[in-house]
Amino acid sequence: MRACCLGRTAVLIAALLAGGCASTPDDPRDPLELYNRAMFRFNTDFDNAFLKPVAKGYKYITPEPVDRSITNFFDNIDDITSAANNLLQFKLSRFGSDVGRVLINSTVGLLGILDVATNMGVPSYKEDFGQTLGYWGFGPGPYFVLPLLGPSTIRDTIGLAGDIAADPFISVRKNEVYWGAVALRLVDRRADLLKATDLLEDAALDPYTFMRDGFLQRRQYKVYDGNPPPETEADELWYGPGYGTNPILEGL
């Protein structure tokens with residue numbers, strides 16, 4: 001009897017906590033807004049203190065052709081993951097395009113340092129495992145801000161594990177080489193986003209909301225390959241009827 005009461009109390013506490021996180025959210029896609037805003041502030045403070053200064057220094061000392069070559073190299077790596085995801089989605093023409101890009105850029109493009117494939121008109125798709133899950137009918141779930149990595153959803157967070165497993169660098173045995181590549185990719189991408197983040201800080205009254213809405217809209221656009229359904233239909237497909245309610249509390 002005592003165990004039953006304790007179990008019910010635990011469920012009630014969990015439900016209340018969930019209800020607290022989802023209390024009258026402005027956007028039903030973001031029931032974890034209290035947590036997300038706190039993590040957004042942490043990420044912003046960390047970025048301003050560490051990543052942004054490092055990215056600015058990297059941008060200052062790195063000649064533009066070298067910077068572009070580094071970006072191209074990692075984009076070529078991403079095309080390998082994209083090819084795997086297009087194959088999982090049975091998008092064979094896109095799979096062929098990704099494989100073609102990797103072959104061209106890894107050979108003629110000197111391991112991807114030169115983006116020859118784009119100059120030849122071969123399109124880049126950059127599919128990831130979050131998009132693959134979405135293609136097969138998995139809804140995104142709540143918006144979720146990851147520590148350091150930033151905007152995501154529950155589905156995309158699960159898909160991130162697949163992206164990491166498919167990354168060719170995961171097979172590198174020397175830790176210093178692997179983590180060096182991870183750090184270089186992170187700094188290079190942060191440097192490429194310097195202008196965009198400056199614009200965000202200057203233009204948005206609420207940077208958190210601006211970032212969230214832009215991210216969710218872009219992810220929906222990418223999952224549907226640029227042809228998302230009407231907004232009301234998309235909400236049904238992605239979140240289901242009654243999304244944003246607390247079914248645990250309703251059942252007590």
# chains A, B, ... in the order shown; residues from 1 in each chain; ligands from 1
call {"tool": "select_by_dssp", "arguments": {"residues": "segment 107-198 of chain A", "states": "strand (DSSP E or B)", "output": "ChimeraX atom specification"}}
result
/A:143-146,150-153
call {"tool": "write_last_selection", "arguments": {"atoms": "N, CA and C atoms", "output": "PDB file, in the first residue's frame"}}
result
ATOM      1  N   TYR A 143      10.209  21.238 -29.040  1.00  0.00           N
ATOM      2  CA  TYR A 143      11.439  21.969 -29.300  1.00  0.00           C
ATOM      3  C   TYR A 143      12.363  21.777 -28.107  1.00  0.00           C
ATOM      4  N   PHE A 144      13.664  21.604 -28.386  1.00  0.00           N
ATOM      5  CA  PHE A 144      14.592  21.246 -27.312  1.00  0.00           C
ATOM      6  C   PHE A 144      15.948  21.873 -27.602  1.00  0.00           C
ATOM      7  N   VAL A 145      16.424  22.713 -26.677  1.00  0.00           N
ATOM      8  CA  VAL A 145      17.724  23.360 -26.839  1.00  0.00           C
ATOM      9  C   VAL A 145      18.794  22.497 -26.185  1.00  0.00           C
ATOM     10  N   LEU A 146      19.762  22.055 -26.987  1.00  0.00           N
ATOM     11  CA  LEU A 146      20.834  21.204 -26.489  1.00  0.00           C
ATOM     12  C   LEU A 146      21.949  22.049 -25.886  1.00  0.00           C
ATOM     13  N   GLY A 150      22.826  23.851 -29.279  1.00  0.00           N
ATOM     14  CA  GLY A 150      21.784  24.779 -29.669  1.00  0.00           C
ATOM     15  C   GLY A 150      20.461  24.158 -30.059  1.00  0.00           C
ATOM     16  N   PRO A 151      19.703  24.802 -30.987  1.00  0.00           N
ATOM     17  CA  PRO A 151      18.326  24.406 -31.299  1.00  0.00           C
ATOM     18  C   PRO A 151      18.225  22.978 -31.817  1.00  0.00           C
ATOM     19  N   SER A 152      17.176  22.285 -31.363  1.00  0.00           N
ATOM     20  CA  SER A 152      16.915  20.929 -31.828  1.00  0.00           C
ATOM     21  C   SER A 152      15.457  20.611 -31.493  1.00  0.00           C
ATOM     22  N   THR A 153      15.071  19.378 -31.729  1.00  0.00           N
ATOM     23  CA  THR A 153      13.805  18.827 -31.248  1.00  0.00           C
ATOM     24  C   THR A 153      14.139  17.476 -30.645  1.00  0.00           C
TER      25      THR A 153
END
call {"tool": "residues_around", "arguments": {"residues": "segment 121-138 of chain A", "least_positions_apart": "6", "cutoff": "10 Å", "atoms": "only C-alpha atoms", "output": "PDB file with C-alpha atoms, in the first residue's frame"}}
result
ATOM      1  CA  ASP A  75      30.993  19.747 -46.360  1.00  0.00           C
ATOM      2  CA  ASN A  76      32.361  16.830 -48.363  1.00  0.00           C
ATOM      3  CA  ASP A  78      28.694  15.736 -44.628  1.00  0.00           C
ATOM      4  CA  ASP A  79      27.792  14.560 -48.144  1.00  0.00           C
ATOM      5  CA  ILE A  80      28.700  11.003 -47.074  1.00  0.00           C
ATOM      6  CA  THR A  81      26.148  11.120 -44.248  1.00  0.00           C
ATOM      7  CA  SER A  82      23.653  12.778 -46.581  1.00  0.00           C
ATOM      8  CA  ALA A  83      24.040   9.941 -49.098  1.00  0.00           C
ATOM      9  CA  ALA A  84      23.267   7.370 -46.395  1.00  0.00           C
ATOM     10  CA  ASN A  85      20.136   9.255 -45.354  1.00  0.00           C
ATOM     11  CA  ASN A  86      18.881   9.704 -48.907  1.00  0.00           C
ATOM     12  CA  LEU A  87      19.296   5.964 -49.415  1.00  0.00           C
ATOM     13  CA  LEU A  88      17.328   5.262 -46.224  1.00  0.00           C
ATOM     14  CA  GLN A  89      14.564   7.515 -47.597  1.00  0.00           C
ATOM     15  CA  ARG A  94      19.482  12.409 -54.487  1.00  0.00           C
ATOM     16  CA  PHE A  95      21.543   9.452 -53.248  1.00  0.00           C
ATOM     17  CA  SER A  97      23.866  13.066 -56.532  1.00  0.00           C
ATOM     18  CA  ASP A  98      25.474  12.844 -53.083  1.00  0.00           C
ATOM     19  CA  GLY A 100      28.665  11.802 -57.241  1.00  0.00           C
ATOM     20  CA  ARG A 101      29.605  14.857 -55.189  1.00  0.00           C
ATOM     21  CA  ILE A 104      34.173  14.246 -57.669  1.00  0.00           C
ATOM     22  CA  SER A 152      16.915  20.929 -31.828  1.00  0.00           C
ATOM     23  CA  THR A 153      13.805  18.827 -31.248  1.00  0.00           C
ATOM     24  CA  ILE A 154      13.419  15.534 -29.429  1.00  0.00           C
ATOM     25  CA  ARG A 155      13.384  13.713 -32.775  1.00  0.00           C
ATOM     26  CA  ASP A 156      16.445  15.546 -34.074  1.00  0.00           C
ATOM     27  CA  THR A 157      18.276  14.869 -30.812  1.00  0.00           C
ATOM     28  CA  ILE A 158      17.696  11.142 -31.323  1.00  0.00           C
ATOM     29  CA  GLY A 159      18.765  11.514 -34.951  1.00  0.00           C
ATOM     30  CA  LEU A 160      21.971  13.186 -33.800  1.00  0.00           C
ATOM     31  CA  ALA A 161      23.181   9.800 -32.545  1.00  0.00           C
ATOM     32  CA  GLY A 162      22.853   8.448 -36.085  1.00  0.00           C
ATOM     33  CA  ASP A 163      24.717  11.435 -37.526  1.00  0.00           C
ATOM     34  CA  ILE A 164      27.589  10.870 -35.088  1.00  0.00           C
ATOM     35  CA  ALA A 166      27.797   7.810 -39.623  1.00  0.00           C
ATOM     36  CA  ARG A 219      13.407  21.910 -40.289  1.00  0.00           C
ATOM     37  CA  GLN A 220       9.836  21.504 -41.526  1.00  0.00           C
ATOM     38  CA  LYS A 222      13.791  20.398 -45.119  1.00  0.00           C
ATOM     39  CA  VAL A 223      11.811  17.329 -44.002  1.00  0.00           C
ATOM     40  CA  TYR A 224       9.222  17.993 -46.726  1.00  0.00           C
ATOM     41  CA  ASP A 225      11.914  18.811 -49.321  1.00  0.00           C
ATOM     42  CA  LEU A 237       0.925  15.507 -38.988  1.00  0.00           C
ATOM     43  CA  TRP A 238       3.750  16.603 -36.754  1.00  0.00           C
ATOM     44  CA  TYR A 239       2.210  17.008 -33.329  1.00  0.00           C
TER      45      TYR A 239
END
call {"tool": "closest_residue", "arguments": {"among": "A:Ala49, A:Leu205, A:Ala55, A:Val66", "to": "Val187 of chain A", "atoms": "only C-alpha atoms"}}
result
A:Ala55
call {"tool": "closest_residue", "arguments": {"among": "A:Leu199, A:Met39, A:Asp188, A:Pro63", "to": "Leu149 of chain A", "atoms": "only C-alpha atoms"}}
result
A:Met39
call {"tool": "atom_distance", "arguments": {"atom1": "atom CA of Leu194 of chain A", "atom2": "atom CA of Lys52 of chain A"}}
result
7.6 Å
call {"tool": "closest_residue", "arguments": {"among": "A:Ser69, A:Arg190, A:Ile77, A:Leu216", "to": "Val99 of chain A", "atoms": "only C-alpha atoms"}}
result
A:Ile77
call {"tool": "select_by_dssp", "arguments": {"residues": "segment 38-121 of chain A", "states": "alpha helix (DSSP H)", "output": "ChimeraX atom specification"}}
result
/A:38-46,52-61,64-88,92-107,116-119
call {"tool": "atom_distance", "arguments": {"atom1": "atom CA of Leu34 of chain A", "atom2": "atom CA of Thr197 of chain A"}}
result
22.4 Å
